[in-house]
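**Q** Contents are CSV, C-alpha atoms and all ligand atoms; file name query-v1.csv:
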chain,number,residue,atom,x,y,z
S,19,MET,CA,-2.5,-9.9,-2.3
S,20,LYS,CA,-3.0,-6.5,-3.9
S,21,LEU,CA,-3.1,-6.4,-7.7
S,22,PHE,CA,-1.6,-3.5,-9.6
S,23,ILE,CA,-1.7,-3.1,-13.4
S,24,ASP,CA,1.6,-2.7,-15.2
S,25,THR,CA,0.8,-0.3,-17.9
S,26,ALA,CA,0.6,3.4,-18.8
S,27,ASN,CA,-2.3,2.9,-21.2
S,28,VAL,CA,-5.3,4.9,-20.0
S,29,PRO,CA,-8.0,2.8,-21.7
S,30,GLU,CA,-6.6,-0.4,-20.1
S,31,ILE,CA,-6.4,1.3,-16.7
S,32,ARG,CA,-9.9,2.6,-17.1
S,33,GLU,CA,-11.3,-0.8,-17.9
S,34,MET,CA,-9.6,-2.5,-15.0
S,35,ALA,CA,-9.9,0.3,-12.4
S,36,TRP,CA,-12.7,-1.5,-10.5
S,37,LEU,CA,-10.4,-4.4,-9.8
S,38,ILE,CA,-6.9,-3.0,-9.3
S,39,ASN,CA,-5.3,-1.4,-6.2
S,40,GLY,CA,-2.6,0.6,-8.0
S,41,VAL,CA,-0.5,1.1,-11.2
S,42,THR,CA,3.1,0.7,-12.1
S,43,THR,CA,4.7,2.4,-15.2
S,44,ASN,CA,8.2,2.5,-16.5
S,45,PRO,CA,9.9,4.6,-19.2
S,46,THR,CA,9.3,1.9,-21.8
S,47,LEU,CA,5.5,1.7,-21.0
S,48,VAL,CA,5.2,5.5,-21.0
S,49,ALA,CA,7.1,5.8,-24.3
S,50,ARG,CA,4.5,3.5,-26.0
S,51,GLU,CA,1.8,6.0,-25.3
S,52,LYS,CA,3.4,8.8,-27.2
S,53,ARG,CA,2.0,11.4,-24.7
S,54,PRO,CA,3.7,13.8,-22.3
S,55,PHE,CA,4.8,12.0,-19.2
S,56,LYS,CA,3.3,14.2,-16.5
S,57,GLU,CA,0.0,14.4,-18.4
S,58,VAL,CA,-0.3,10.6,-18.5
S,59,ILE,CA,0.6,10.2,-14.8
S,60,ALA,CA,-1.9,12.9,-13.8
S,61,GLU,CA,-4.7,11.2,-15.8
S,62,ILE,CA,-3.9,7.8,-14.3
S,63,CYS,CA,-4.0,9.3,-10.8
S,64,GLU,CA,-7.5,10.6,-11.5
S,65,ILE,CA,-8.7,7.1,-12.5
S,66,VAL,CA,-7.1,4.9,-9.8
S,67,ASP,CA,-7.3,5.5,-6.0
S,68,GLY,CA,-4.0,3.9,-5.1
S,69,PRO,CA,-0.2,4.1,-5.6
S,70,VAL,CA,0.9,5.1,-9.1
S,71,SER,CA,4.6,4.5,-9.8
S,72,ALA,CA,6.4,6.9,-12.1
S,73,GLU,CA,10.1,6.5,-12.8
S,74,ALA,CA,13.0,8.9,-12.3
S,75,THR,CA,15.4,8.7,-15.2
S,76,ALA,CA,18.4,10.6,-13.8
S,77,LEU,CA,21.5,8.5,-13.0
S,78,ASP,CA,22.9,10.5,-10.1
S,79,ALA,CA,21.3,10.9,-6.7
S,80,GLU,CA,20.9,14.7,-6.9
S,81,GLY,CA,19.2,14.4,-10.3
S,82,MET,CA,16.9,11.7,-9.1
S,83,ILE,CA,16.0,13.7,-6.0
S,84,THR,CA,15.2,16.8,-8.1
S,85,GLN,CA,13.0,14.7,-10.5
S,86,ALA,CA,11.3,12.9,-7.6
S,87,ARG,CA,10.4,16.2,-5.9
S,88,GLU,CA,8.9,17.5,-9.1
S,89,ILE,CA,7.0,14.3,-10.1
S,90,SER,CA,5.6,13.9,-6.7
S,91,THR,CA,3.8,17.2,-7.0
S,92,ILE,CA,1.6,15.7,-9.7
S,93,HIS,CA,-0.6,13.9,-7.2
S,94,GLU,CA,-0.4,12.6,-3.6
S,95,ASN,CA,-0.6,8.9,-4.8
S,96,VAL,CA,2.5,9.2,-7.0
S,97,VAL,CA,5.3,6.9,-5.9
S,98,ILE,CA,8.8,7.5,-7.4
S,99,LYS,CA,10.4,4.5,-9.0
S,100,ILE,CA,14.2,4.6,-8.4
S,101,PRO,CA,16.5,2.1,-10.1
S,102,MET,CA,18.6,-0.1,-7.8
S,103,THR,CA,22.0,1.5,-7.9
S,104,GLU,CA,24.2,3.0,-5.2
S,105,GLU,CA,23.2,6.5,-6.3
S,106,GLY,CA,19.6,5.4,-6.4
S,107,MET,CA,19.8,4.3,-2.7
S,108,LYS,CA,21.2,7.6,-1.7
S,109,ALA,CA,18.2,9.2,-3.3
S,110,VAL,CA,15.8,6.8,-1.7
S,111,LYS,CA,17.3,7.6,1.8
S,112,THR,CA,16.8,11.3,1.3
S,113,LEU,CA,13.4,11.0,-0.3
S,114,SER,CA,12.1,8.7,2.5
S,115,GLN,CA,13.3,11.3,5.1
S,116,GLU,CA,11.2,13.9,3.1
S,117,GLY,CA,8.2,11.7,3.2
S,118,ILE,CA,8.3,10.9,-0.6
S,119,ARG,CA,7.4,7.3,-1.3
S,120,THR,CA,9.7,5.2,-3.5
S,121,ASN,CA,9.5,2.0,-5.4
S,122,VAL,CA,13.0,0.5,-5.9
S,123,THR,CA,13.0,-1.1,-9.3
S,124,LEU,CA,15.2,-3.5,-11.4
S,125,VAL,CA,15.9,-5.6,-8.3
S,126,PHE,CA,17.5,-8.9,-9.1
S,127,SER,CA,19.0,-10.1,-5.8
S,128,ALA,CA,17.9,-10.3,-2.1
S,129,ASN,CA,20.9,-8.2,-1.1
S,130,GLN,CA,19.6,-5.4,-3.3
S,131,ALA,CA,16.2,-5.7,-1.7
S,132,LEU,CA,17.8,-5.6,1.8
S,133,LEU,CA,19.6,-2.3,0.9
S,134,ALA,CA,16.4,-0.8,-0.5
S,135,ALA,CA,14.5,-1.6,2.7
S,136,LYS,CA,17.4,-0.3,4.9
S,137,CYS,CA,17.3,3.0,2.9
S,138,GLY,CA,13.6,3.4,3.6
S,139,ALA,CA,12.0,2.3,0.3
S,140,SER,CA,8.2,2.0,0.5
S,141,PHE,CA,8.2,-0.7,-2.2
S,142,VAL,CA,10.7,-3.0,-3.9
S,143,SER,CA,10.2,-4.6,-7.3
S,144,PRO,CA,11.9,-7.9,-8.1
S,145,PHE,CA,11.5,-8.6,-11.9
S,146,VAL,CA,10.6,-12.3,-11.9
S,147,GLY,CA,10.0,-12.6,-15.7
S,148,ARG,CA,13.4,-11.2,-16.6
S,149,ILE,CA,15.1,-13.6,-14.2
S,150,ASP,CA,13.2,-16.6,-15.7
S,151,ASP,CA,14.1,-15.3,-19.2
S,152,VAL,CA,17.8,-15.9,-18.5
S,153,GLY,CA,17.3,-19.3,-16.9
S,154,GLY,CA,17.0,-18.2,-13.3
S,155,ASP,CA,14.2,-18.7,-10.8
S,156,GLY,CA,12.4,-15.4,-10.2
S,157,MET,CA,10.1,-16.7,-7.5
S,158,ASP,CA,13.0,-18.0,-5.6
S,159,LEU,CA,14.2,-14.4,-5.3
S,160,VAL,CA,10.7,-13.3,-4.1
S,161,SER,CA,10.8,-16.0,-1.5
S,162,GLN,CA,14.3,-14.9,-0.3
S,163,ILE,CA,13.2,-11.2,-0.1
S,164,LEU,CA,10.1,-12.1,1.9
S,165,ASP,CA,12.2,-14.2,4.3
S,166,VAL,CA,14.6,-11.3,4.9
S,167,TYR,CA,11.9,-8.7,5.3
S,168,THR,CA,10.0,-11.0,7.7
S,169,ALA,CA,13.1,-11.7,9.8
S,170,TYR,CA,13.8,-8.0,10.3
S,171,GLU,CA,10.2,-6.8,10.2
S,172,TYR,CA,10.8,-4.3,7.3
S,173,SER,CA,7.7,-2.6,6.2
S,174,THR,CA,8.8,-2.3,2.6
S,175,GLU,CA,6.2,-3.9,0.4
S,176,VAL,CA,7.2,-6.5,-2.2
S,177,ILE,CA,5.8,-5.8,-5.7
S,178,VAL,CA,6.3,-8.9,-7.9
S,179,GLY,CA,7.0,-7.3,-11.3
S,180,SER,CA,7.8,-8.5,-14.8
S,181,VAL,CA,4.9,-10.9,-14.6
S,182,ARG,CA,4.5,-12.9,-17.8
S,183,HIS,CA,1.6,-15.3,-17.2
S,184,PRO,CA,-1.0,-16.4,-14.6
S,185,ARG,CA,1.3,-18.9,-12.9
S,186,HIS,CA,3.5,-15.9,-11.8
S,187,VAL,CA,0.5,-14.4,-10.1
S,188,LEU,CA,-0.4,-17.6,-8.4
S,189,ASP,CA,3.1,-18.2,-7.2
S,190,ALA,CA,3.4,-14.6,-5.9
S,191,ALA,CA,0.2,-15.1,-3.9
S,192,LEU,CA,1.3,-18.5,-2.6
S,193,LEU,CA,4.5,-16.9,-1.3
S,194,GLY,CA,2.6,-14.1,0.4
S,195,ALA,CA,3.9,-11.3,-1.7
S,196,ASP,CA,2.2,-8.0,-0.9
S,197,ILE,CA,1.5,-7.0,-4.5
S,198,ALA,CA,1.7,-8.4,-8.0
S,199,THR,CA,1.8,-5.9,-10.9
S,200,VAL,CA,0.3,-7.5,-13.8
S,201,PRO,CA,0.0,-6.5,-17.5
S,202,TYR,CA,-3.5,-6.0,-18.9
S,203,ALA,CA,-3.4,-9.2,-21.0
S,204,VAL,CA,-2.4,-11.4,-18.1
S,205,LEU,CA,-5.0,-9.8,-15.8
S,206,LYS,CA,-7.7,-10.7,-18.3
S,207,LYS,CA,-6.5,-14.3,-18.3
S,208,LEU,CA,-6.9,-14.6,-14.6
S,209,PHE,CA,-10.7,-14.7,-15.0
S,210,ASN,CA,-10.7,-17.7,-17.4
S,211,HIS,CA,-10.8,-21.5,-17.0
S,212,PRO,CA,-12.0,-23.8,-19.8
S,213,LEU,CA,-14.1,-25.8,-17.4
S,214,THR,CA,-16.0,-22.6,-16.4
S,215,ASP,CA,-16.9,-22.1,-20.1
S,216,VAL,CA,-18.0,-25.7,-20.5
S,217,GLY,CA,-20.0,-25.5,-17.2
S,218,ILE,CA,-21.8,-22.3,-18.2
S,219,LYS,CA,-22.7,-23.8,-21.7
S,220,ARG,CA,-24.1,-26.9,-20.1
S,221,PHE,CA,-26.1,-25.1,-17.5
S,222,LEU,CA,-27.6,-22.9,-20.1
S,223,LYS,CA,-28.5,-25.9,-22.3
S,224,ASP,CA,-30.1,-27.8,-19.4
S,225,TRP,CA,-32.0,-24.6,-18.4
S,226,GLU,CA,-33.7,-24.7,-21.8
S,227,GLY,CA,-35.4,-27.9,-20.6
S,228,VAL,CA,-36.9,-26.3,-17.5
S,229,PRO,CA,-40.6,-25.6,-17.9
S,230,LYS,CA,-41.1,-21.8,-17.9
C,1,LIG,C1,7.4,-3.3,-13.0
C,1,LIG,O1,7.3,-2.4,-12.2
C,1,LIG,C2,7.9,-3.2,-14.4
C,1,LIG,O2,7.2,-2.1,-14.9
C,1,LIG,C3,7.6,-4.3,-15.3
C,1,LIG,O3,6.9,-5.3,-14.6
C,1,LIG,C4,8.7,-4.8,-16.1
C,1,LIG,O4,8.3,-5.9,-16.9
C,1,LIG,P1,9.0,-6.4,-18.2
C,1,LIG,O5,10.1,-7.3,-17.8
C,1,LIG,O6,7.9,-7.2,-18.8
C,1,LIG,O7,9.4,-5.2,-19.0
Please, can you express the file's structure as structure tokens?
Ligand code: E4P
**A**
Amino acid sequence: MKLFIDTANVPEIREMAWLINGVTTNPTLVAREKRPFKEVIAEICEIVDGPVSAEATALDAEGMITQAREISTIHENVVIKIPMTEEGMKAVKTLSQEGIRTNVTLVFSANQALLAAKCGASFVSPFVGRIDDVGGDGMDLVSQILDVYTAYEYSTEVIVGSVRHPRHVLDAALLGADIATVPYAVLKKLFNHPLTDVGIKRFLKDWEGVPK
């Protein structure tokens, strides 16, 4: 499974660049950085050699297409995030015909993911954490999407988004998701286990007793 980082924060991306395969941003994450949108995306593309998702904010298909054409000139690795709406899918269809890659975002049902794939989306992003937040089962949605895509051999890659904790990453991997996009703090947690810390401490202590 590929790991993307879900942030627009350049220091976080720089630190984790050796590990990650791509980056996802959204308007909320970009707004936190208080920097011009295109400048941030361009800098991220120089750091990471992989897909970098940048979101279109227009609500109508024409507006999204215009934004997408412009944003995609920033760098060849830029992928345009398009929200899962009827207008959004019209935009995805046109953009895919033009060879502009898209990541259909805010996906909360398998039918939405089916439509995204039919329209030629390169990626689809089910938001598991937000589903769990309202008492649903985000991973159940991921499982359904993977079943549908396997049955019809769609090449659209599934990005598990809205990851809140390491268990989400494990479940995404167990289901065979293509990608999990993970916030910096959760990425750091993936390295840790208390028994690893205890084990290292004990090995170092025992090592002191080895004649040098
Ligand atoms: C994914 O592409 C989104 O940027 C992100 O995962 C949304 O996560 P949130 O629900 O924590 O805002």
**Q** Which residues are close to region 66-70 of chain S, i.e. within 6 Å by all atoms listed in the file, leaving aside same-chain residues fewer than 5 positions away? Reply as a ChimeraX atom specification.
**A** /S:35,39-42,95-97
**Q** Kindly indicate which residue among S:Gly106, S:Pro201, S:Pro184, S:Gly117 lies nearest to ligand LIG 1 (chain C), using all atoms listed in the file for the distances.
**A**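 Under the stated criterion, the closest residue is S:Pro201.
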**Q** Work out how far CA of Ser90 (chain S) is from CA of Phe126 (chain S), in Å to one decimal.
**A**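 If I compute the distance from CA of Phe126 (chain S) to CA of Ser90 (chain S), I get 25.8 Å.
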**Q** Got a sec to check which residues lie within 10 Å of ligand LIG 1 (chain C), using only C-alpha atoms and all ligand atoms, and send them as a PyMOL selection string?
**A** chain S and resi 22-26+41-48+71-73+99+121-125+142-149+151+177-182+198-201
**Q** Measuring between all atoms listed in the file, which one of S:Ile31, S:Thr75, S:Pro101, S:Arg220 shows the shortest distance to Cys63 (chain S)?
**A**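 Closest to Cys63 (chain S) of all the choices is S:Ile31.
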**Q** Could you please determine the separation between CA of Ile89 (chain S) and CA of Phe55 (chain S) in Å, to one decimal place?
**A**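 CA of Ile89 (chain S) sits 9.6 Å away from CA of Phe55 (chain S).
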**Q** How far is it from CA of Gly153 (chain S) to CA of Thr103 (chain S), in Å with one decimal?
**A**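 Interatomic distance, CA of Gly153 (chain S) to CA of Thr103 (chain S): 23.1 Å.
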**Q** Compile the contact shell of Met19 (chain S) as a ChimeraX atom specification: residues with an atom at most 8 Å away, counting all atoms listed in the file, same-chain residues fewer than 6 positions apart removed.
**A** /S:191,194-198
**Q** Measuring between all atoms listed in the file, which one of S:Asp155, S:Ala76, S:Thr174, S:Val166 shows the shortest distance to Gly138 (chain S)?
**A**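 Ranked by minimum distance to Gly138 (chain S), first place goes to S:Thr174.
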**Q** Out of S:Leu132, S:Leu21, S:Gln85, S:His93, which residue has the shortest atom-to-atom distance to Glu171 (chain S) when counting only C-alpha atoms?
**A**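 Checking each candidate against Glu171 (chain S), we get S:Leu132 as the closest.
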**Q** Closest to Ile38 (chain S) among S:His186, S:Lys20, S:Lys219, S:Lys207, using all atoms listed in the file?
**A**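 Result for the nearest residue to Ile38 (chain S): S:Lys20.
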**Q** Restricting the calculation to only C-alpha atoms: of S:Asp189, S:Glu57, S:Asp215, S:Glu175, which residue gets closest to Ile163 (chain S)?
**A**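 Once distances to Ile163 (chain S) are computed over only C-alpha atoms, the minimum belongs to S:Glu175.
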**Q** Hey, can I get the axis-aligned box for region 31-50 of chain S? All listed atoms, 4 Å padding on each side, centre and edge lengths in Å to one decimal, as JSON.
**A**
{"center_x": -1.4, "center_y": 0.7, "center_z": -16.1, "size_x": 30.6, "size_y": 18.2, "size_z": 27.8}
